[in-house]
Amino acid sequence: MLTLTSPIETRLHRLPAGAKLTALALAAVALVPLDSLPLLAPAALATALLYGAQGGAFARHGLALLRPLWPFLLILALWHGWTGELARGCAVALKLLIAVALANLVTMTTRLDDMIAVLERLARPLQRLGLAPHVLAISIALVIRFTPVLLARAERLAEAWRARSPRRPSWRIVAPLALGALDDAEQVAEALRARGGL
């Protein structure tokens, strides 16, 4: 789930979070046995129609959010082309694209607190094992929230590297990125403790 809730209001925003997450899980399971382009084409078309039905601006925003996938899709295509299984590679790439697009669609149309409530309900049986459902739900929500923040920080570090050096950014930005993530985690932990903790 690469994004947060879209500000563009759609009909999907009004559906319950549990129903959307259940539909996403069922769609992901239904994608697993599909292993050829003719079988995956209707799923891809249905996904595109789902986006299109929410309006042009929403569809363009959703398409832009799939941009980080292109390197992975290219690697899949090149690898399967090299092994002589290009059709299979294209099917795997399309399956990945559909799954991520559907996950983005659910995330774009579902508020984070609604997702947390669903995750807490699903995690209630874990109370018997001594795990607090709200801790798990908050942890997952924080991961979803901080992934784009971490990616933006990595991009800023790479830009700073390029401004100071003619060479491409290398592994040297990993340490400041990790330290920045640890600093953010410490600040979030302090904020949670100040509000009563978990």
# chains A, B, ... in the order shown; residues from 1 in each chain; ligands from 1
call {"tool": "residues_around", "arguments": {"residues": "A:Glu9", "least_positions_apart": "4", "cutoff": "12 Å", "atoms": "only C-alpha atoms", "output": "mmCIF file with C-alpha atoms, in the first residue's frame"}}
result
data_model
loop_
_atom_site.group_PDB
_atom_site.id
_atom_site.type_symbol
_atom_site.label_atom_id
_atom_site.label_comp_id
_atom_site.auth_asym_id
_atom_site.auth_seq_id
_atom_site.Cartn_x
_atom_site.Cartn_y
_atom_site.Cartn_z
ATOM 1 C CA THR A 5 -6.267 8.373 1.399
ATOM 2 C CA HIS A 13 -14.923 6.211 -0.005
ATOM 3 C CA ARG A 14 -18.412 5.500 1.348
ATOM 4 C CA LEU A 15 -17.999 1.697 1.392
ATOM 5 C CA GLN A 54 -14.001 7.172 -9.986
ATOM 6 C CA GLY A 55 -13.158 9.987 -12.416
ATOM 7 C CA ALA A 57 -8.312 12.936 -11.901
ATOM 8 C CA PHE A 58 -8.533 9.980 -9.517
ATOM 9 C CA MET A 108 -6.752 5.618 -1.562
ATOM 10 C CA THR A 109 -10.437 5.241 -0.682
ATOM 11 C CA THR A 110 -10.121 4.166 2.967
ATOM 12 C CA ARG A 111 -9.217 6.361 5.912
#
call {"tool": "residues_around", "arguments": {"residues": "A:Leu45", "least_positions_apart": "4", "cutoff": "12 Å", "atoms": "only C-alpha atoms", "output": "ChimeraX atom specification"}}
result
/A:37-41,49-53,94,97-98,101-102
call {"tool": "write_last_selection", "arguments": {"atoms": "all heavy atoms", "output": "short mmCIF file (atom, residue, chain, number, x, y, z; two decimals), in the first residue's frame"}}
result
data_model
loop_
_atom_site.label_atom_id
_atom_site.label_comp_id
_atom_site.auth_asym_id
_atom_site.auth_seq_id
_atom_site.Cartn_x
_atom_site.Cartn_y
_atom_site.Cartn_z
N LEU A 37 -1.68 -14.37 -20.03
CA LEU A 37 -2.20 -13.05 -20.36
C LEU A 37 -3.68 -13.06 -20.72
O LEU A 37 -4.41 -12.16 -20.29
CB LEU A 37 -1.36 -12.43 -21.49
CG LEU A 37 0.06 -12.03 -21.09
CD1 LEU A 37 0.85 -11.57 -22.30
CD2 LEU A 37 0.05 -10.95 -20.02
N PRO A 38 -4.17 -14.04 -21.49
CA PRO A 38 -5.62 -14.03 -21.79
C PRO A 38 -6.49 -14.15 -20.54
O PRO A 38 -7.58 -13.58 -20.49
CB PRO A 38 -5.80 -15.26 -22.69
CG PRO A 38 -4.46 -15.49 -23.30
CD PRO A 38 -3.47 -15.07 -22.27
N LEU A 39 -6.01 -14.87 -19.52
CA LEU A 39 -6.78 -14.99 -18.29
C LEU A 39 -6.69 -13.73 -17.43
O LEU A 39 -7.62 -13.37 -16.71
CB LEU A 39 -6.29 -16.20 -17.47
CG LEU A 39 -6.56 -17.58 -18.07
CD1 LEU A 39 -5.89 -18.65 -17.24
CD2 LEU A 39 -8.06 -17.84 -18.16
N LEU A 40 -5.53 -13.06 -17.49
CA LEU A 40 -5.32 -11.86 -16.67
C LEU A 40 -5.89 -10.60 -17.31
O LEU A 40 -6.14 -9.61 -16.61
CB LEU A 40 -3.82 -11.66 -16.42
CG LEU A 40 -3.21 -12.63 -15.41
CD1 LEU A 40 -1.70 -12.64 -15.51
CD2 LEU A 40 -3.65 -12.27 -14.00
N ALA A 41 -6.12 -10.62 -18.62
CA ALA A 41 -6.61 -9.42 -19.32
C ALA A 41 -7.95 -8.92 -18.75
O ALA A 41 -8.10 -7.72 -18.51
CB ALA A 41 -6.71 -9.69 -20.82
N LEU A 49 -11.20 -0.22 -15.20
CA LEU A 49 -12.56 0.33 -15.16
C LEU A 49 -12.93 0.84 -13.77
O LEU A 49 -13.63 1.85 -13.63
CB LEU A 49 -13.57 -0.72 -15.63
CG LEU A 49 -13.53 -1.05 -17.13
CD1 LEU A 49 -14.47 -2.21 -17.46
CD2 LEU A 49 -13.89 0.17 -17.96
N LEU A 50 -12.47 0.12 -12.73
CA LEU A 50 -12.71 0.57 -11.36
C LEU A 50 -12.11 1.95 -11.12
O LEU A 50 -12.73 2.82 -10.52
CB LEU A 50 -12.11 -0.42 -10.37
CG LEU A 50 -13.04 -1.47 -9.77
CD1 LEU A 50 -12.25 -2.45 -8.92
CD2 LEU A 50 -14.13 -0.83 -8.95
N TYR A 51 -10.88 2.12 -11.59
CA TYR A 51 -10.23 3.44 -11.46
C TYR A 51 -10.96 4.47 -12.29
O TYR A 51 -11.24 5.58 -11.83
CB TYR A 51 -8.76 3.36 -11.89
CG TYR A 51 -7.82 2.99 -10.79
CD1 TYR A 51 -7.50 1.66 -10.55
CD2 TYR A 51 -7.24 3.95 -9.98
CE1 TYR A 51 -6.62 1.30 -9.54
CE2 TYR A 51 -6.37 3.61 -8.97
CZ TYR A 51 -6.06 2.29 -8.75
OH TYR A 51 -5.20 1.93 -7.75
N GLY A 52 -11.26 4.13 -13.54
CA GLY A 52 -11.92 5.07 -14.44
C GLY A 52 -13.28 5.51 -13.96
O GLY A 52 -13.68 6.67 -14.15
N ALA A 53 -14.00 4.61 -13.28
CA ALA A 53 -15.33 4.94 -12.79
C ALA A 53 -15.29 5.99 -11.68
O ALA A 53 -16.31 6.62 -11.37
CB ALA A 53 -16.02 3.67 -12.27
N LEU A 94 2.03 -8.52 -15.00
CA LEU A 94 0.66 -7.99 -15.02
C LEU A 94 -0.08 -8.35 -13.73
O LEU A 94 -0.83 -7.53 -13.18
CB LEU A 94 -0.09 -8.54 -16.24
CG LEU A 94 -1.51 -8.01 -16.47
CD1 LEU A 94 -1.51 -6.49 -16.59
CD2 LEU A 94 -2.13 -8.65 -17.70
N LEU A 97 1.12 -5.97 -11.13
CA LEU A 97 0.56 -4.64 -11.39
C LEU A 97 -0.90 -4.57 -10.94
O LEU A 97 -1.31 -3.60 -10.29
CB LEU A 97 0.68 -4.32 -12.89
CG LEU A 97 0.32 -2.93 -13.33
CD1 LEU A 97 1.26 -1.90 -12.73
CD2 LEU A 97 0.38 -2.84 -14.85
N ILE A 98 -1.68 -5.60 -11.24
CA ILE A 98 -3.10 -5.62 -10.84
C ILE A 98 -3.22 -5.64 -9.32
O ILE A 98 -4.01 -4.88 -8.74
CB ILE A 98 -3.82 -6.85 -11.45
CG1 ILE A 98 -3.89 -6.73 -12.97
CG2 ILE A 98 -5.21 -7.00 -10.87
CD1 ILE A 98 -4.29 -8.01 -13.67
N ALA A 101 -2.24 -2.27 -7.87
CA ALA A 101 -3.25 -1.26 -8.24
C ALA A 101 -4.50 -1.42 -7.37
O ALA A 101 -5.07 -0.43 -6.90
CB ALA A 101 -3.60 -1.39 -9.72
N LEU A 102 -4.92 -2.66 -7.14
CA LEU A 102 -6.10 -2.89 -6.29
C LEU A 102 -5.82 -2.48 -4.84
O LEU A 102 -6.67 -1.88 -4.18
CB LEU A 102 -6.54 -4.35 -6.37
CG LEU A 102 -7.17 -4.78 -7.69
CD1 LEU A 102 -7.40 -6.28 -7.72
CD2 LEU A 102 -8.47 -4.03 -7.96
#
call {"tool": "select_by_dssp", "arguments": {"residues": "chain A", "states": "alpha helix (DSSP H)", "output": "PyMOL selection string"}}
result
chain A and resi 17-31+37-52+56-65+70-82+86-108+112-123+133-164+174-194
call {"tool": "atom_distance", "arguments": {"atom1": "atom CA of A:Arg88", "atom2": "atom CA of A:Leu34"}}
result
10.7 Å
call {"tool": "closest_residue", "arguments": {"among": "A:Ala99, A:Ala191, A:Ile144, A:Leu112", "to": "A:Val29", "atoms": "only C-alpha atoms"}}
result
A:Ala99
call {"tool": "closest_residue", "arguments": {"among": "A:Val118, A:Ile173, A:Ala25, A:Gly180", "to": "A:Ala141", "atoms": "only C-alpha atoms"}}
result
A:Val118
call {"tool": "atom_distance", "arguments": {"atom1": "atom CA of A:Ala152", "atom2": "atom CA of A:Leu177"}}
result
10.4 Å
call {"tool": "closest_atom_pairs", "arguments": {"of": "stretch 86-163 of chain A", "to": "stretch 60-81 of chain A", "cutoff": "8 Å", "atoms": "only C-alpha atoms", "output": "CSV"}}
result
residue,atom,partner,partner_atom,distance
A:Leu86,CA,A:Gly81,CA,4.5
A:Ala87,CA,A:His80,CA,7.9
A:Arg88,CA,A:His80,CA,7.1
A:Gly89,CA,A:His80,CA,5.0
A:Cys90,CA,A:Ala77,CA,6.1
A:Val92,CA,A:Leu76,CA,7.8
A:Ala93,CA,A:Leu73,CA,5.4
A:Leu97,CA,A:Leu69,CA,7.6
A:Val100,CA,A:Leu66,CA,7.7
A:Ala101,CA,A:Leu66,CA,7.0
A:Asn104,CA,A:Gly62,CA,7.2
A:Leu105,CA,A:Gly62,CA,7.3
call {"tool": "write_last_selection", "arguments": {"atoms": "C-alpha atoms", "output": "PDB file, in the first residue's frame"}}
result
ATOM      1  CA  LEU A  86       8.633 -13.870 -21.983  1.00  0.00           C
ATOM      2  CA  ALA A  87       4.889 -14.647 -21.973  1.00  0.00           C
ATOM      3  CA  ARG A  88       5.138 -16.060 -18.449  1.00  0.00           C
ATOM      4  CA  GLY A  89       7.139 -13.014 -17.315  1.00  0.00           C
ATOM      5  CA  CYS A  90       4.551 -10.651 -18.759  1.00  0.00           C
ATOM      6  CA  VAL A  92       3.686 -12.351 -13.620  1.00  0.00           C
ATOM      7  CA  ALA A  93       4.315  -8.629 -14.181  1.00  0.00           C
ATOM      8  CA  LEU A  97       0.558  -4.638 -11.394  1.00  0.00           C
ATOM      9  CA  VAL A 100      -0.697  -3.372  -6.342  1.00  0.00           C
ATOM     10  CA  ALA A 101      -3.250  -1.265  -8.236  1.00  0.00           C
ATOM     11  CA  ASN A 104      -3.658   1.246  -3.866  1.00  0.00           C
ATOM     12  CA  LEU A 105      -7.331   1.647  -4.763  1.00  0.00           C
TER      13      LEU A 105
END
call {"tool": "atom_distance", "arguments": {"atom1": "atom CA of A:Ser36", "atom2": "atom CA of A:Ala91"}}
result
5.4 Å
call {"tool": "closest_residue", "arguments": {"among": "A:Ala137, A:Ala59, A:Ala46, A:Leu142", "to": "A:Thr10", "atoms": "only C-alpha atoms"}}
result
A:Ala59
call {"tool": "residues_around", "arguments": {"residues": "A:Met115", "least_positions_apart": "5", "cutoff": "12 Å", "atoms": "only C-alpha atoms", "output": "ChimeraX atom specification"}}
result
/A:1,4-5,16-22,106-110,120-122,134,136-142,144-145
call {"tool": "residues_around", "arguments": {"residues": "A:Val188", "least_positions_apart": "4", "cutoff": "12 Å", "atoms": "only C-alpha atoms", "output": "list in words"}}
result
Ile138, Ser139, Leu142, Val143, Arg145, Phe146, Ala181, Leu182, Asp183, Asp184, Leu192, Arg193, Ala194, Arg195, Gly197 and Leu198 of chain A
call {"tool": "residues_around", "arguments": {"residues": "A:Pro169", "least_positions_apart": "4", "cutoff": "10 Å", "atoms": "only C-alpha atoms", "output": "ChimeraX atom specification"}}
result
/A:157-162,165,173-174
